Amino acid sequence: GSKTCVQKSSRKFESSRTWLGKKIITLIQVSEVAAGPSKSKKAGAPVDNEEFYKVTDAIEYPGDPERLLRHLDPGSVGYVNTRTLRILNEQKSEEKAVPQFLKKYAEHRQALLDQKIASVVIPPAKELLAKQDTLRENCLEEWHTKREARNAKGDFIKALTNKFGSIAKAWRLALDPELKYAIENVDQLMKGLKRAGQMPPDGGEHALRTIAERLFQACQSKETEQITLDCLDPKTPAMMEKFKDRCEERFGSLQDAFESVDVEGVGIVSREDFRLLCHEVKATDGIFRLMEFLDPKRTGEIRLSLIDGEVTEDAMLATQTRRQMQKSQEHSAGVVAGLEQATQERAKRPARRALDQMKQQLRLKHGSLPRAWKTVHGSAIKDVGRDGRLRFFEHVGMDSRQAALAWELVPKIDEKLSLAQFEPRVGQDFEALRQKIKERYGSNIAMMNELDDGSGSMDFQRFLELCYECQFRGNERRVFEYLEEDETIDFERIDEKAAKELQEQKAQAKRREEEERRKMRRKKAERKAKKAKTKAPEPDPSEPEEQASLQEEEPPKVKPEVHRPKAPTGLGHLCLAMKPPQVKLGKTSSLPSLRIVRSQWNDRHHIADHIGNRDMNLIHVLTSVDTKEQEKCIARVRRKIAENPTMAWYEEQLRLEEERNAQIWAPDSDEGEGEEEEALETEQPVEQ
């Protein structure tokens, strides 16, 4: 077999070398240059198959190039080696070149096999034990080295935390005050250790360098071989990225968030403004870390460039351009608006904060502001001045400076303050209640006429019934506490004019009633007198007959008879006697079980709705909310499967497929049988 292979390879190479000629030398040189200086000529370099095919196409080789490639690649590695081409090209006789090439190839394969066998052969016991001992000692030494590095890193972080309070603050103040965001070498780390006060007690610079080298090896990143804040405190950079993402979700972009908090366009905001921004974007779990990193010296100012410098510059430019445009518009219009108005609003923040704090303490102490107002001032309708305002602050234990700030903030009329001005929601609820009363009863007088029990007031239970009847949606208890006196509400507190009109109407009704009673008593007296006159006295014989005739009893008056029409008989022209039968549904003890298919609208708020994730909201609506069509499709599929099971459908389809195949192949089988019969008659084999 090898002799035949040699003969075939010799003939193949002899024909190829005749066609290749000097092209083979060029192919060898190009392949060795492409492989680089690392590949020696003795080991050879791989020849690109495309280059090999290009050479065969250029010389118009008549044979099969792939078969020639297989002959020149006895190891089936997929390419030709320049060492093979050089050996075959240097030999003048093909009969010697091919055996020599195959011999060297066999020797090379044998050497590789010997190496593989030597690698899997079990060495002697002593040698194996010595090797295992060496490996174990190396592993222990590596483990101890890693543990020492881990302990050194932990001690270093603990020392920085004890001295500065946090790693972010230590990084800004000691390790990276120049804001290079990385420690590139040991010398920079030594300077940071000096600033952090991590000097060894003895040994000087040499001991410090030793410690710095050990810490640099323990703390550096394997990818960059530098120490960054992420290596010492990965939570702070993660919180910074989370803060940026939340700003983009809330405002649409980080630049818009910076423009909203930095209204003056200077790139600097206060700690309080930054804290409010973190609350607005729902990133409250990392406020302390971010503030320690952005303002380590507690100056009260935070530079936005530490978060993102490029975005800060763009936000400053946009804000300053907008400020210039607004200033030009304000000067032309002559009104306070835009930035000046925003500046005034920021100046009012301390006063508003003091006012909110006082209201919160009053609510905690008395339960509600109307109750606190009555406790301090005695009446809910009483207006107070500056002294009464100060009593409020003294009542909750706040100083006069905060009271002065809050007094300038609240709206007043002639330096007088009412409960409705102090708590605007009370006045708003009261006006809403009066509007609902007008909608329900038409006027306040109609409401008072219906609810009045004679006292001109109502208690809490009747007030709740009034709110329920009017469909009042405000705080009923707060309005009741604002209007009530001695646990009842006088109608004059709701509408004084209507209450007075109601009293006048009551007085007029009472006068009319008294007048009617007097008339009735007068008529009754007249009737009695008339009856007394109509009675005839007994005749006195001594009196003359004329007087007796005058006192004769008058005859009784006869009432005229009233003729009324007779009641109609029969049905009449309206057929009133005919009544349609009443049709009623039969009573049932159970309700029909109807499965109503609805969309899952309760799940529509599971994804935050803002300008940055409209695509996610659309996908969520189509997949999880608007599921009505999906459920209908599932019901149709289940109904069809119940009507026609899957296995029955499969069997039906197989039967139909067999019938179609039988119809398709039936003519071909008849022709084949006819050909076989003709072949048997002519004693000739049938072609398959």
# chains A, B, ... in the order shown; residues from 1 in each chain; ligands from 1
call {"tool": "residues_around", "arguments": {"residues": "Glu423 (chain A)", "least_positions_apart": "4", "cutoff": "8 Å", "atoms": "only C-alpha atoms", "output": "PyMOL selection string"}}
result
chain A and resi 369+419+427
call {"tool": "closest_residue", "arguments": {"among": "A:Trp171, A:Phe251, A:Phe288, A:Phe164", "to": "Ile183 (chain A)", "atoms": "only C-alpha atoms"}}
result
A:Trp171
call {"tool": "select_by_dssp", "arguments": {"residues": "region 106-248 of chain A", "states": "helix (DSSP H, G or I)", "output": "MDAnalysis selection string"}}
result
chainID A and resid 106:120 125:164 167:175 186:196 204:219 229:232 235:248
call {"tool": "residues_around", "arguments": {"residues": "Ala159 (chain A)", "least_positions_apart": "4", "cutoff": "12 Å", "atoms": "only C-alpha atoms", "output": "JSON, numbers by chain"}}
result
{"A": [152, 153, 154, 155, 163, 164, 165, 166, 167, 170, 193, 196, 197, 198, 199]}
call {"tool": "residues_around", "arguments": {"residues": "Glu469 (chain A)", "least_positions_apart": "4", "cutoff": "10 Å", "atoms": "only C-alpha atoms", "output": "list in words"}}
result
Lys436, Ile437, Arg440, Tyr441, Phe463, Leu464 and Glu465 of chain A
call {"tool": "atom_distance", "arguments": {"atom1": "CA of Met520 (chain A)", "atom2": "CA of Ala507 (chain A)"}}
result
19.8 Å
call {"tool": "atom_distance", "arguments": {"atom1": "CA of Arg638 (chain A)", "atom2": "CA of Val621 (chain A)"}}
result
24.4 Å
call {"tool": "closest_residue", "arguments": {"among": "A:Glu51, A:Asp285, A:Glu431, A:Glu127", "to": "Ile28 (chain A)", "atoms": "only C-alpha atoms"}}
result
A:Glu51
call {"tool": "closest_residue", "arguments": {"among": "A:Leu189, A:Cys470, A:Leu622, A:Leu502", "to": "Ala446 (chain A)", "atoms": "only C-alpha atoms"}}
result
A:Leu502
call {"tool": "residues_around", "arguments": {"residues": "Ala608 (chain A)", "least_positions_apart": "3", "cutoff": "12 Å", "atoms": "only C-alpha atoms", "output": "list in words"}}
result
Arg246, Glu249, Arg250, Val281, Lys282, Asp603, Arg604, His605, Ile611, Gly612, Asn613, Arg614, Asp615, Met616, Asn617, Leu618 and His620 of chain A
call {"tool": "write_last_selection", "arguments": {"atoms": "N, CA and C atoms", "output": "compact mmCIF listing (two decimals), in the first residue's frame"}}
result
# COMPACT_ATOMS: atom_id res chain seq x y z
N ARG A 246 -31.09 56.83 36.85
CA ARG A 246 -32.36 57.32 37.38
C ARG A 246 -32.66 58.73 36.87
N GLU A 249 -34.06 58.34 33.48
CA GLU A 249 -35.44 57.84 33.51
C GLU A 249 -36.42 58.94 33.91
N ARG A 250 -36.00 59.79 34.85
CA ARG A 250 -36.93 60.82 35.37
C ARG A 250 -37.02 62.03 34.45
N VAL A 281 -35.36 61.59 41.94
CA VAL A 281 -35.07 60.51 40.99
C VAL A 281 -35.10 59.15 41.66
N LYS A 282 -35.51 59.08 42.94
CA LYS A 282 -35.63 57.82 43.69
C LYS A 282 -34.27 57.12 43.81
N ASP A 603 -52.39 45.72 35.83
CA ASP A 603 -50.95 45.53 35.65
C ASP A 603 -50.32 46.59 34.77
N ARG A 604 -51.05 47.67 34.48
CA ARG A 604 -50.51 48.62 33.50
C ARG A 604 -49.48 49.57 34.10
N HIS A 605 -49.35 49.63 35.45
CA HIS A 605 -48.40 50.56 36.07
C HIS A 605 -47.16 49.84 36.60
N ILE A 611 -40.41 59.43 29.33
CA ILE A 611 -40.09 59.60 27.91
C ILE A 611 -39.01 58.65 27.43
N GLY A 612 -38.28 58.04 28.36
CA GLY A 612 -37.15 57.21 27.95
C GLY A 612 -37.47 55.76 27.70
N ASN A 613 -38.65 55.27 28.07
CA ASN A 613 -38.95 53.85 27.88
C ASN A 613 -40.34 53.63 27.28
N ARG A 614 -40.62 54.36 26.22
CA ARG A 614 -41.91 54.17 25.55
C ARG A 614 -42.00 52.80 24.91
N ASP A 615 -40.87 52.31 24.37
CA ASP A 615 -40.91 50.99 23.74
C ASP A 615 -41.19 49.90 24.76
N MET A 616 -40.59 50.00 25.95
CA MET A 616 -40.84 48.99 26.97
C MET A 616 -42.30 49.05 27.45
N ASN A 617 -42.85 50.25 27.55
CA ASN A 617 -44.26 50.37 27.94
C ASN A 617 -45.17 49.75 26.89
N LEU A 618 -44.85 49.98 25.59
CA LEU A 618 -45.67 49.41 24.53
C LEU A 618 -45.60 47.88 24.56
N HIS A 620 -44.93 46.02 27.16
CA HIS A 620 -45.63 45.55 28.36
C HIS A 620 -47.15 45.59 28.16
call {"tool": "closest_residue", "arguments": {"among": "A:Val261, A:Met448, A:Ile607, A:Val597", "to": "Cys633 (chain A)", "atoms": "only C-alpha atoms"}}
result
A:Val597
call {"tool": "closest_residue", "arguments": {"among": "A:Ala125, A:Leu72, A:Leu85, A:Leu654", "to": "Glu32 (chain A)", "atoms": "only C-alpha atoms"}}
result
A:Leu85
call {"tool": "atom_distance", "arguments": {"atom1": "CA of Arg86 (chain A)", "atom2": "CA of Ala111 (chain A)"}}
result
21.3 Å
